[in-house]
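File shown here: target-v9.tsv, holding TSV, C-alpha atoms.
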chain	number	residue	atom	x	y	z
A	2	MET	CA	-9.17	17.58	-17.61
A	3	PRO	CA	-6.09	15.54	-16.66
A	4	PRO	CA	-6.36	13.57	-13.42
A	5	VAL	CA	-4.67	14.74	-10.23
A	6	ILE	CA	-1.65	12.80	-8.94
A	7	ASP	CA	-1.97	11.89	-5.26
A	8	PHE	CA	1.43	11.27	-3.66
A	9	TYR	CA	1.44	9.40	-0.32
A	10	PHE	CA	4.65	9.13	1.72
A	11	ASP	CA	5.91	8.41	5.22
A	12	PHE	CA	8.47	10.92	6.56
A	13	SER	CA	10.71	8.02	7.63
A	14	SER	CA	10.67	6.22	4.25
A	15	PRO	CA	13.80	6.50	2.06
A	16	TYR	CA	11.92	5.49	-1.08
A	17	GLY	CA	9.23	8.02	-0.14
A	18	TYR	CA	11.96	10.65	0.05
A	19	PHE	CA	13.33	9.58	-3.34
A	20	GLY	CA	9.81	9.86	-4.74
A	21	SER	CA	9.36	13.34	-3.27
A	22	THR	CA	12.35	14.60	-5.27
A	23	ARG	CA	10.79	13.43	-8.55
A	24	ILE	CA	7.00	13.40	-8.31
A	25	ASP	CA	6.41	17.06	-9.18
A	26	SER	CA	8.67	17.06	-12.24
A	27	LEU	CA	7.11	13.79	-13.37
A	28	ALA	CA	3.64	15.32	-12.94
A	29	GLN	CA	4.67	18.45	-14.79
A	30	ALA	CA	5.97	16.39	-17.72
A	31	LEU	CA	2.56	14.71	-17.84
A	32	GLY	CA	0.66	18.01	-17.52
A	33	MET	CA	-0.76	17.09	-14.12
A	34	GLU	CA	-0.95	18.57	-10.62
A	35	THR	CA	0.09	16.79	-7.42
A	36	ARG	CA	-1.42	16.58	-3.94
A	37	TRP	CA	0.93	15.37	-1.19
A	38	HIS	CA	-0.35	13.24	1.69
A	39	PRO	CA	1.75	12.36	4.74
A	40	ILE	CA	0.96	8.85	6.00
A	41	LEU	CA	2.05	6.65	8.89
A	42	LEU	CA	3.29	3.22	7.82
A	43	GLY	CA	2.97	1.78	11.35
A	44	PRO	CA	-0.81	1.22	11.28
A	45	MET	CA	-0.59	0.06	7.66
A	46	PHE	CA	2.05	-2.54	8.47
A	47	LYS	CA	-0.31	-3.93	11.12
A	48	THR	CA	-2.87	-4.54	8.38
A	49	THR	CA	-0.47	-6.14	5.90
A	50	GLY	CA	1.70	-7.94	8.48
A	51	ALA	CA	4.76	-6.09	7.20
A	52	ALA	CA	7.76	-5.15	9.33
A	53	PRO	CA	10.22	-2.27	8.96
A	54	LEU	CA	12.51	-3.30	6.10
A	55	VAL	CA	15.80	-3.16	7.95
A	56	GLN	CA	14.56	-5.55	10.64
A	57	ILE	CA	13.93	-8.38	8.17
A	58	PRO	CA	16.57	-11.11	7.71
A	59	LEU	CA	18.29	-10.96	4.28
A	60	LYS	CA	15.88	-8.29	3.00
A	61	GLY	CA	17.09	-5.75	5.55
A	62	ALA	CA	20.74	-5.87	4.51
A	63	TYR	CA	19.76	-5.76	0.85
A	64	GLY	CA	17.42	-2.84	1.56
A	65	LEU	CA	20.14	-0.67	3.08
A	66	HIS	CA	22.39	-1.44	0.12
A	67	ASP	CA	19.61	-0.70	-2.36
A	68	MET	CA	18.68	2.63	-0.75
A	69	ALA	CA	22.21	4.02	-1.01
A	70	ARG	CA	22.62	2.63	-4.53
A	71	THR	CA	19.25	3.96	-5.74
A	72	ALA	CA	20.17	7.45	-4.51
A	73	ARG	CA	23.52	7.22	-6.31
A	74	LEU	CA	22.09	5.86	-9.57
A	75	TYR	CA	19.41	8.56	-9.73
A	76	GLY	CA	21.62	11.41	-8.48
A	77	ILE	CA	19.66	12.07	-5.28
A	78	PRO	CA	21.58	13.38	-2.22
A	79	TYR	CA	21.41	10.74	0.53
A	80	GLN	CA	23.11	9.74	3.77
A	81	GLN	CA	21.65	6.73	5.57
A	82	PRO	CA	20.24	8.33	8.75
A	83	ASP	CA	20.81	6.85	12.19
A	84	PRO	CA	18.55	6.12	14.07
A	85	PHE	CA	16.42	4.66	11.29
A	86	PRO	CA	13.50	4.30	11.00
A	87	ILE	CA	12.03	6.89	13.37
A	88	GLY	CA	8.51	7.83	14.45
A	89	THR	CA	7.29	10.90	12.58
A	90	VAL	CA	3.84	11.58	14.01
A	91	PRO	CA	4.58	15.27	14.89
A	92	THR	CA	6.09	15.87	11.44
A	93	ALA	CA	3.00	14.51	9.71
A	94	ARG	CA	0.69	16.52	12.00
A	95	ILE	CA	2.51	19.77	11.32
A	96	MET	CA	2.33	19.13	7.59
A	97	LEU	CA	-1.44	18.57	7.79
A	98	HIS	CA	-1.82	21.78	9.79
A	99	LEU	CA	0.16	23.83	7.25
A	100	GLN	CA	-1.79	22.23	4.43
A	101	GLU	CA	-5.08	23.62	5.72
A	102	ARG	CA	-3.98	27.13	4.79
A	103	ASP	CA	-1.27	26.73	2.21
A	104	PRO	CA	-0.68	23.43	0.35
A	105	GLN	CA	2.46	24.84	-1.33
A	106	GLN	CA	3.99	25.75	2.03
A	107	ALA	CA	3.10	22.30	3.35
A	108	LYS	CA	4.83	20.70	0.36
A	109	GLU	CA	7.92	22.82	0.93
A	110	PHE	CA	7.84	21.82	4.61
A	111	ALA	CA	7.82	18.18	3.57
A	112	ARG	CA	10.73	18.69	1.17
A	113	ARG	CA	12.83	20.43	3.83
A	114	ALA	CA	11.98	17.87	6.51
A	115	LEU	CA	12.82	14.91	4.25
A	116	HIS	CA	16.09	16.56	3.22
A	117	ALA	CA	16.91	17.32	6.87
A	118	TYR	CA	16.50	13.65	7.80
A	119	PHE	CA	17.84	11.84	4.76
A	120	VAL	CA	20.75	14.15	4.03
A	121	ASN	CA	21.59	15.84	7.33
A	122	ASN	CA	20.45	13.22	9.84
A	123	GLN	CA	18.30	15.67	11.79
A	124	PRO	CA	15.71	14.18	14.18
A	125	ILE	CA	12.65	15.41	12.29
A	126	GLY	CA	10.39	13.18	14.38
A	127	ASP	CA	11.03	15.44	17.37
A	128	ALA	CA	8.35	18.10	17.72
A	129	GLU	CA	10.91	20.86	18.31
A	130	THR	CA	12.94	20.04	15.18
A	131	ALA	CA	9.82	19.77	13.05
A	132	LEU	CA	8.52	23.08	14.46
A	133	GLU	CA	11.81	24.80	13.59
A	134	ILE	CA	11.44	23.70	9.99
A	135	ALA	CA	7.90	25.11	9.86
A	136	VAL	CA	9.06	28.39	11.42
A	137	SER	CA	11.91	28.63	8.86
A	138	LEU	CA	9.18	28.73	6.22
A	139	GLY	CA	7.35	31.58	7.91
A	140	ALA	CA	4.84	29.62	10.00
A	141	ASP	CA	3.88	31.16	13.33
A	142	ARG	CA	5.61	29.20	16.10
A	143	LYS	CA	2.86	29.44	18.72
A	144	ALA	CA	-0.01	28.78	16.34
A	145	THR	CA	1.81	25.77	14.89
A	146	ALA	CA	2.74	24.39	18.32
A	147	ASP	CA	-0.87	24.82	19.48
A	148	ALA	CA	-2.16	23.05	16.39
A	149	LEU	CA	0.34	20.24	16.87
A	150	ALA	CA	-0.98	19.61	20.37
A	151	SER	CA	-4.65	19.85	19.40
A	152	ASP	CA	-7.06	16.93	19.28
A	153	THR	CA	-8.30	18.24	15.95
A	154	ILE	CA	-5.04	17.56	14.15
A	155	LYS	CA	-4.50	14.20	15.90
A	156	GLN	CA	-7.94	13.14	14.76
A	157	LYS	CA	-7.35	14.45	11.26
A	158	LEU	CA	-4.13	12.47	10.78
A	159	ARG	CA	-5.82	9.29	12.02
A	160	GLU	CA	-8.75	9.85	9.65
A	161	GLN	CA	-6.55	10.61	6.67
A	162	ASN	CA	-4.40	7.54	7.31
A	163	ASP	CA	-7.52	5.39	7.55
A	164	ALA	CA	-8.85	6.94	4.35
A	165	ALA	CA	-5.58	6.19	2.57
A	166	MET	CA	-5.77	2.53	3.67
A	167	GLN	CA	-9.41	2.39	2.55
A	168	ARG	CA	-8.19	3.54	-0.83
A	169	GLY	CA	-5.59	0.74	-0.92
A	170	VAL	CA	-2.43	2.50	0.29
A	171	PHE	CA	-0.07	0.16	2.18
A	172	GLY	CA	3.44	1.46	1.48
A	173	SER	CA	5.58	4.50	0.74
A	174	PRO	CA	5.70	6.07	-1.74
A	175	PHE	CA	2.25	5.28	-3.04
A	176	VAL	CA	0.85	7.19	-5.99
A	177	PHE	CA	-2.60	7.43	-7.54
A	178	VAL	CA	-2.94	8.87	-11.02
A	179	GLY	CA	-6.66	9.46	-10.86
A	180	ASP	CA	-7.72	6.05	-9.53
A	181	GLU	CA	-4.75	4.05	-10.84
A	182	PRO	CA	-2.46	2.87	-8.01
A	183	PHE	CA	1.34	2.67	-8.18
A	184	TRP	CA	3.43	1.44	-5.25
A	185	GLY	CA	7.10	2.31	-4.97
A	186	PHE	CA	9.70	4.67	-6.36
A	187	ASP	CA	10.46	1.85	-8.80
A	188	ARG	CA	7.04	2.35	-10.42
A	189	PHE	CA	7.72	5.95	-11.48
A	190	ASP	CA	8.76	4.77	-14.96
A	191	ALA	CA	5.61	2.65	-15.07
A	192	ILE	CA	3.52	5.78	-14.32
A	193	ARG	CA	4.98	7.49	-17.36
A	194	LEU	CA	4.54	4.35	-19.51
A	195	TRP	CA	0.96	3.92	-18.30
A	196	VAL	CA	0.01	7.50	-19.13
A	197	ASN	CA	1.80	7.46	-22.48
A	198	GLN	CA	0.14	4.17	-23.46
A	199	GLY	CA	-3.28	5.73	-22.94
A	200	GLY	CA	-3.98	4.61	-19.39
A	201	VAL	CA	-5.85	7.78	-18.43
A	202	ALA	CA	-8.20	7.58	-21.39
A	203	ARG	CA	-8.84	3.86	-20.78
A	204	ALA	CA	-9.41	4.36	-17.06
A	205	GLY	CA	-11.61	7.45	-17.61
B	6	MET	CA	36.55	-10.25	-18.31
B	7	PRO	CA	32.95	-9.07	-17.73
B	8	PRO	CA	31.19	-10.61	-14.74
B	9	VAL	CA	28.58	-13.33	-15.17
B	10	ILE	CA	24.92	-12.51	-14.51
B	11	ASP	CA	23.25	-15.00	-12.16
B	12	PHE	CA	19.47	-15.04	-12.61
B	13	TYR	CA	17.44	-16.65	-9.80
B	14	PHE	CA	13.72	-17.28	-10.25
B	15	ASP	CA	10.84	-19.34	-8.85
B	16	PHE	CA	8.70	-21.11	-11.47
B	17	SER	CA	5.57	-19.77	-9.77
B	18	SER	CA	6.67	-16.12	-9.68
B	19	PRO	CA	5.11	-13.72	-12.24
B	20	TYR	CA	7.89	-11.16	-11.81
B	21	GLY	CA	10.39	-14.00	-12.21
B	22	TYR	CA	8.67	-14.91	-15.47
B	23	PHE	CA	8.79	-11.27	-16.61
B	24	GLY	CA	12.49	-11.22	-15.77
B	25	SER	CA	13.10	-14.42	-17.73
B	26	THR	CA	11.80	-12.77	-20.90
B	27	ARG	CA	14.34	-9.94	-20.59
B	28	ILE	CA	17.43	-11.09	-18.72
B	29	ASP	CA	19.29	-12.57	-21.69
B	30	SER	CA	18.77	-9.57	-23.96
B	31	LEU	CA	19.79	-7.28	-21.11
B	32	ALA	CA	22.93	-9.36	-20.53
B	33	GLN	CA	23.70	-9.36	-24.24
B	34	ALA	CA	23.41	-5.56	-24.38
B	35	LEU	CA	25.93	-5.42	-21.52
B	36	GLY	CA	28.25	-7.99	-23.13
B	37	MET	CA	27.66	-10.54	-20.39
B	38	GLU	CA	26.60	-14.18	-20.08
B	39	THR	CA	23.78	-15.47	-17.87
B	40	ARG	CA	23.40	-18.50	-15.62
B	41	TRP	CA	19.84	-19.41	-14.63
B	42	HIS	CA	19.02	-20.83	-11.19
B	43	PRO	CA	15.61	-22.22	-10.25
B	44	ILE	CA	14.80	-21.47	-6.59
B	45	LEU	CA	11.97	-22.28	-4.19
B	46	LEU	CA	10.52	-19.21	-2.48
B	47	GLY	CA	8.79	-21.29	0.21
B	48	PRO	CA	11.87	-21.91	2.37
B	49	MET	CA	13.06	-18.34	1.75
B	50	PHE	CA	9.76	-16.86	2.91
B	51	LYS	CA	10.18	-18.81	6.17
B	52	THR	CA	13.45	-16.96	6.74
B	53	THR	CA	12.13	-13.50	5.89
B	54	GLY	CA	8.65	-13.98	7.36
B	55	ALA	CA	7.13	-13.17	3.97
B	56	ALA	CA	3.85	-14.61	2.69
B	57	PRO	CA	2.68	-15.28	-0.87
B	58	LEU	CA	1.79	-11.85	-2.26
B	59	VAL	CA	-1.82	-12.53	-3.14
B	60	GLN	CA	-2.63	-13.67	0.40
B	61	ILE	CA	-1.69	-10.30	1.94
B	62	PRO	CA	-4.44	-7.73	2.69
B	63	LEU	CA	-4.27	-4.63	0.42
B	64	LYS	CA	-0.94	-5.74	-1.10
B	65	GLY	CA	-2.47	-8.87	-2.63
B	66	ALA	CA	-5.13	-7.01	-4.63
B	67	TYR	CA	-2.59	-4.44	-5.73
B	68	GLY	CA	-0.16	-7.21	-6.69
B	69	LEU	CA	-2.61	-8.91	-9.04
B	70	HIS	CA	-3.36	-5.55	-10.65
B	71	ASP	CA	0.34	-4.73	-10.96
B	72	MET	CA	1.25	-8.09	-12.53
B	73	ALA	CA	-1.26	-7.72	-15.35
B	74	ARG	CA	-0.36	-4.05	-15.85
B	75	THR	CA	3.40	-4.72	-15.85
B	76	ALA	CA	2.96	-7.37	-18.53
B	77	ARG	CA	0.87	-4.95	-20.62
B	78	LEU	CA	3.24	-1.99	-20.19
B	79	TYR	CA	6.29	-4.06	-21.16
B	80	GLY	CA	4.59	-6.03	-23.93
B	81	ILE	CA	4.95	-9.46	-22.27
B	82	PRO	CA	2.24	-12.10	-22.96
B	83	TYR	CA	0.44	-12.87	-19.69
B	84	GLN	CA	-2.73	-14.45	-18.39
B	85	GLN	CA	-3.11	-14.60	-14.62
B	86	PRO	CA	-2.97	-18.36	-13.96
B	87	ASP	CA	-5.41	-20.13	-11.67
B	88	PRO	CA	-4.56	-21.77	-9.29
B	89	PHE	CA	-1.86	-19.32	-8.27
B	90	PRO	CA	0.69	-19.65	-6.75
B	91	ILE	CA	1.50	-23.35	-7.19
B	92	GLY	CA	4.24	-25.64	-5.88
B	93	THR	CA	6.93	-26.19	-8.51
B	94	VAL	CA	9.37	-28.59	-6.88
B	95	PRO	CA	9.28	-31.13	-9.78
B	96	THR	CA	9.75	-28.34	-12.33
B	97	ALA	CA	12.82	-27.03	-10.53
B	98	ARG	CA	14.25	-30.54	-10.12
B	99	ILE	CA	13.86	-31.33	-13.83
B	100	MET	CA	15.58	-28.08	-14.73
B	101	LEU	CA	18.54	-28.91	-12.47
B	102	HIS	CA	18.76	-32.35	-14.03
B	103	LEU	CA	18.79	-30.97	-17.59
B	104	GLN	CA	21.32	-28.34	-16.56
B	105	GLU	CA	23.88	-30.98	-15.62
B	106	ARG	CA	24.26	-31.93	-19.28
B	107	ASP	CA	23.07	-28.94	-21.25
B	108	PRO	CA	22.57	-25.49	-19.67
B	109	GLN	CA	21.03	-24.14	-22.89
B	110	GLN	CA	18.43	-26.89	-22.96
B	111	ALA	CA	17.69	-26.26	-19.30
B	112	LYS	CA	17.17	-22.55	-20.03
B	113	GLU	CA	14.84	-23.39	-22.90
B	114	PHE	CA	12.96	-25.77	-20.59
B	115	ALA	CA	12.51	-22.92	-18.11
B	116	ARG	CA	11.27	-20.55	-20.82
B	117	ARG	CA	8.72	-23.07	-22.10
B	118	ALA	CA	7.54	-23.99	-18.61
B	119	LEU	CA	7.10	-20.35	-17.55
B	120	HIS	CA	5.24	-19.61	-20.78
B	121	ALA	CA	3.07	-22.69	-20.29
B	122	TYR	CA	2.02	-21.52	-16.82
B	123	PHE	CA	1.80	-17.75	-17.23
B	124	VAL	CA	0.28	-17.69	-20.71
B	125	ASN	CA	-1.51	-21.04	-21.11
B	126	ASN	CA	-2.37	-21.86	-17.49
B	127	GLN	CA	-0.80	-25.32	-17.66
B	128	PRO	CA	-0.11	-27.08	-14.34
B	129	ILE	CA	3.68	-27.04	-14.66
B	130	GLY	CA	4.05	-28.04	-11.00
B	131	ASP	CA	2.72	-31.51	-11.88
B	132	ALA	CA	5.53	-33.95	-12.62
B	133	GLU	CA	3.79	-35.26	-15.75
B	134	THR	CA	3.30	-31.83	-17.29
B	135	ALA	CA	6.86	-30.79	-16.49
B	136	LEU	CA	8.18	-34.06	-17.95
B	137	GLU	CA	6.22	-33.48	-21.17
B	138	ILE	CA	7.92	-30.11	-21.59
B	139	ALA	CA	11.34	-31.69	-21.12
B	140	VAL	CA	10.49	-34.44	-23.62
B	141	SER	CA	9.32	-31.83	-26.15
B	142	LEU	CA	12.89	-30.49	-26.03
B	143	GLY	CA	14.39	-33.88	-26.76
B	144	ALA	CA	15.06	-35.10	-23.23
B	145	ASP	CA	14.72	-38.84	-22.67
B	146	ARG	CA	11.47	-39.50	-20.80
B	147	LYS	CA	12.66	-42.42	-18.69
B	148	ALA	CA	16.02	-40.92	-17.77
B	149	THR	CA	14.37	-37.64	-16.82
B	150	ALA	CA	11.64	-39.35	-14.78
B	151	ASP	CA	14.28	-41.45	-13.00
B	152	ALA	CA	16.35	-38.36	-12.23
B	153	LEU	CA	13.27	-36.53	-10.97
B	154	ALA	CA	12.61	-39.32	-8.47
B	155	SER	CA	16.23	-39.64	-7.35
B	156	ASP	CA	17.58	-38.54	-3.99
B	157	THR	CA	20.51	-36.95	-5.78
B	158	ILE	CA	18.39	-34.32	-7.47
B	159	LYS	CA	16.26	-33.69	-4.34
B	160	GLN	CA	19.43	-33.10	-2.38
B	161	LYS	CA	20.88	-30.89	-5.10
B	162	LEU	CA	17.85	-28.60	-5.19
B	163	ARG	CA	17.90	-28.26	-1.41
B	164	GLU	CA	21.61	-27.46	-1.45
B	165	GLN	CA	21.32	-24.94	-4.26
B	166	ASN	CA	18.40	-23.21	-2.57
B	167	ASP	CA	20.37	-23.00	0.67
B	168	ALA	CA	23.40	-21.67	-1.21
B	169	ALA	CA	21.23	-19.00	-2.83
B	170	MET	CA	19.94	-17.89	0.58
B	171	GLN	CA	23.49	-17.87	1.92
B	172	ARG	CA	24.33	-15.52	-0.90
B	173	GLY	CA	21.42	-13.23	0.07
B	174	VAL	CA	18.66	-14.33	-2.29
B	175	PHE	CA	15.17	-13.93	-0.77
B	176	GLY	CA	12.85	-13.15	-3.70
B	177	SER	CA	12.17	-13.70	-7.40
B	178	PRO	CA	13.62	-12.59	-9.68
B	179	PHE	CA	16.95	-12.01	-7.98
B	180	VAL	CA	19.98	-11.10	-10.03
B	181	PHE	CA	23.68	-10.89	-9.26
B	182	VAL	CA	25.96	-9.02	-11.62
B	183	GLY	CA	29.20	-10.44	-10.32
B	184	ASP	CA	28.59	-9.88	-6.60
B	185	GLU	CA	26.16	-6.96	-6.92
B	186	PRO	CA	22.60	-7.97	-5.89
B	187	PHE	CA	19.39	-6.74	-7.56
B	188	TRP	CA	15.96	-7.85	-6.38
B	189	GLY	CA	12.94	-7.58	-8.64
B	190	PHE	CA	11.98	-7.11	-12.27
B	191	ASP	CA	11.71	-3.42	-11.35
B	192	ARG	CA	15.50	-3.31	-10.83
B	193	PHE	CA	16.34	-4.28	-14.42
B	194	ASP	CA	16.76	-0.60	-15.37
B	195	ALA	CA	18.94	-0.16	-12.28
B	196	ILE	CA	21.18	-3.02	-13.49
B	197	ARG	CA	21.78	-1.18	-16.74
B	198	LEU	CA	22.34	2.14	-14.92
B	199	TRP	CA	24.70	0.51	-12.43
B	200	VAL	CA	26.83	-1.08	-15.17
B	201	ASN	CA	26.82	2.08	-17.30
B	202	GLN	CA	27.84	4.23	-14.33
B	203	GLY	CA	30.91	2.06	-13.77
B	204	GLY	CA	29.57	-0.32	-11.14
B	205	VAL	CA	31.52	-3.31	-12.41
B	206	ALA	CA	34.84	-1.46	-12.36
B	207	ARG	CA	34.12	-0.05	-8.86
B	208	ALA	CA	33.02	-3.41	-7.49
B	209	GLY	CA	35.95	-5.24	-9.09

Please render this file's structure as structure tokens.
Amino acid sequence: MPPVIDFYFDFSSPYGYFGSTRIDSLAQALGMETRWHPILLGPMFKTTGAAPLVQIPLKGAYGLHDMARTARLYGIPYQQPDPFPIGTVPTARIMLHLQERDPQQAKEFARRALHAYFVNNQPIGDAETALEIAVSLGADRKATADALASDTIKQKLREQNDAAMQRGVFGSPFVFVGDEPFWGFDRFDAIRLWVNQGGVARAG
Amino acid sequence: MPPVIDFYFDFSSPYGYFGSTRIDSLAQALGMETRWHPILLGPMFKTTGAAPLVQIPLKGAYGLHDMARTARLYGIPYQQPDPFPIGTVPTARIMLHLQERDPQQAKEFARRALHAYFVNNQPIGDAETALEIAVSLGADRKATADALASDTIKQKLREQNDAAMQRGVFGSPFVFVGDEPFWGFDRFDAIRLWVNQGGVARAG
């Protein structure tokens, strides 16, 4: 059986957004399924000593240039959002809640939320905006709002983020093909190369 | 006239080494010439707050895995050197000295030195080892050793490293196609895409 592709992303990560537009077609071409995992880069950056890209001298200016150029080169709709980056804890919590019942709906929620932020500059980190997106997909407003405020979902997001770090995740996007880790949208070609050169068989 | 490709690399950077094995064939395919520039990441990391990759939690372990895998996927000879990283000030100084008279010889020196470190684990940061490589290319031992010890070449390396940072260079490899910046071996496909999608004409 082919391995599952685990796709980790932060809702405020441009390269995570770019990855989200390609990961399922890449997986399909490789005959694999994907599981999507929202993460929070904040706690991860504390572990690795990283800072938000745009705050770093030299690297920040290059990063903004590279994001817009990457979108253009790969034909992905993109408008640099402002403010950027933003906190996206409610967005990640709602996705986890939706995922408990319907992983496909949760994936579609993620796609719409990422598009709303990175194309239409909508404040998807605000609970109300994130809720609207869930409701537009047929989620019950009250049930989703209740879940969002619950300790259960807060705890779950913390646990899942910790589990991702335990597994080695420290950036966005981060992909595992089975147990093989790939960091960055710029490793998507390497994923294909790795699989085609027999990586799965060697790793299995 | 097509723009020149400026290729910046640190002698202790695996991704810089990977880039060095491909940059001239990439440039040739695009009908362009290259200029090679040795840099020192140390002073740059002070500006960006970066640390040597392998010292960073999570990222370090992934980095070592990714270096070996990248070499394998792209068919580049590689053995993780030890110690790693190393200081390469003498290596960079010798390259600058050779470059004053013969840029092609300087490029060949860089290729041999990178191969010596990343394939044969030779201590290319030691003045004696770096000198031997220069001598193997026909450089005069005494003249090269004298240049290596001169204030002129120390000053020149400092100035060129500062000029690179002024231009926006903060990592290795770092490439400019004309004025368009690309950071990382994983942007080499983007260079080709950018040129093929009319980047040069748009930027010019």

Show me, as JSON lines, the residues of chain B having an atom within 7 Å of chain A, each with the closest atom pair and its distance in Å, using all atoms listed in the file.
{"residue": "B:Thr52", "atom": "CA", "partner": "A:Pro58", "partner_atom": "CA", "distance": 6.7}
{"residue": "B:Thr53", "atom": "CA", "partner": "A:Pro58", "partner_atom": "CA", "distance": 5.4}
{"residue": "B:Ile61", "atom": "CA", "partner": "A:Thr49", "partner_atom": "CA", "distance": 5.9}
{"residue": "B:Pro62", "atom": "CA", "partner": "A:Thr49", "partner_atom": "CA", "distance": 5.3}
{"residue": "B:Leu63", "atom": "CA", "partner": "A:Gly169", "partner_atom": "CA", "distance": 5.7}
{"residue": "B:Lys64", "atom": "CA", "partner": "A:Phe171", "partner_atom": "CA", "distance": 6.8}
{"residue": "B:Leu78", "atom": "CA", "partner": "A:Leu194", "partner_atom": "CA", "distance": 6.5}
{"residue": "B:Gly173", "atom": "CA", "partner": "A:Leu59", "partner_atom": "CA", "distance": 5.7}
{"residue": "B:Phe175", "atom": "CA", "partner": "A:Leu59", "partner_atom": "CA", "distance": 6.6}
{"residue": "B:Asp191", "atom": "CA", "partner": "A:Asp187", "partner_atom": "CA", "distance": 6.0}
{"residue": "B:Leu198", "atom": "CA", "partner": "A:Leu74", "partner_atom": "CA", "distance": 6.5}
{"residue": "B:Trp199", "atom": "CA", "partner": "A:Leu74", "partner_atom": "CA", "distance": 6.6}

Q: Write out as number ranges by chain which residues come within 9 Å of range 100-105 of chain A when counting all atoms listed in the file, dropping same-chain ones fewer than 5 positions away.
A: A: 36-37, 95, 110

For the residues in that selection, give me C-alpha atoms as a PDB file, in the coordinates of the input.
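Final output, part_0.pdb:
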ATOM      1  CA  ARG A  36      -1.420  16.580  -3.940  1.00  0.00           C
ATOM      2  CA  TRP A  37       0.930  15.370  -1.190  1.00  0.00           C
ATOM      3  CA  ILE A  95       2.510  19.770  11.320  1.00  0.00           C
ATOM      4  CA  PHE A 110       7.840  21.820   4.610  1.00  0.00           C
TER       5      PHE A 110
END

Edge lengths and centre, in Å to one decimal, as JSON: that's what I need for the box along x, y and z that holds all listed atoms of range 135-154 of chain B plus 8 Å on each side.
{"center_x": 11.3, "center_y": -36.3, "center_z": -17.6, "size_x": 26.1, "size_y": 28.3, "size_z": 34.3}

Q.
So that I can see what lies close to Phe12 in chain B, please list as a PyMOL selection string the residues with an atom at most 9 Å from it, counting all atoms listed in the file and leaving out residues fewer than 5 positions away in the same chain.
A. chain B and resi 24-25+28+39-43+178-182

Filtering to C-alpha atoms, could you give me those residues as a compact mmCIF listing (two decimals), keeping the file's coordinate frame?
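Listing of part.txt after writing:
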# COMPACT_ATOMS: atom_id res chain seq x y z
CA GLY B 24 12.49 -11.22 -15.77
CA SER B 25 13.10 -14.42 -17.73
CA ILE B 28 17.43 -11.09 -18.72
CA THR B 39 23.78 -15.47 -17.87
CA ARG B 40 23.40 -18.50 -15.62
CA TRP B 41 19.84 -19.41 -14.63
CA HIS B 42 19.02 -20.83 -11.19
CA PRO B 43 15.61 -22.22 -10.25
CA PRO B 178 13.62 -12.59 -9.68
CA PHE B 179 16.95 -12.01 -7.98
CA VAL B 180 19.98 -11.10 -10.03
CA PHE B 181 23.68 -10.89 -9.26
CA VAL B 182 25.96 -9.02 -11.62

Q. So which residues are close to (5.2, -31.8, -12.6), meaning at most 9 Å away in the file's coordinates with all atoms listed in the file counted, and can you show them as a PyMOL selection string?
A. chain B and resi 93-96+99+128-137

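Every protein, DNA or RNA residue with an atom at most 10 Å from Arg23 in chain A, where all atoms listed in the file count and chain neighbours fewer than 4 positions away do not, is listed here: A:Tyr18, A:Phe19, A:Leu27, A:Ala28, A:Tyr75, A:Ile77, A:Phe186, A:Phe189.
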
Mind writing the picked residues with C-alpha atoms as a compact mmCIF listing (two decimals), in the frame of the given file?
# COMPACT_ATOMS: atom_id res chain seq x y z
CA TYR A 18 11.96 10.65 0.05
CA PHE A 19 13.33 9.58 -3.34
CA LEU A 27 7.11 13.79 -13.37
CA ALA A 28 3.64 15.32 -12.94
CA TYR A 75 19.41 8.56 -9.73
CA ILE A 77 19.66 12.07 -5.28
CA PHE A 186 9.70 4.67 -6.36
CA PHE A 189 7.72 5.95 -11.48

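Across the structure, CA of Lys47 in chain A and CA of Asp180 in chain A are spaced 24.1 Å apart.
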
Q.
To one decimal place in Å, what is the distance between CA of His98 in chain A and CA of Tyr9 in chain A?
A. 16.3 Å
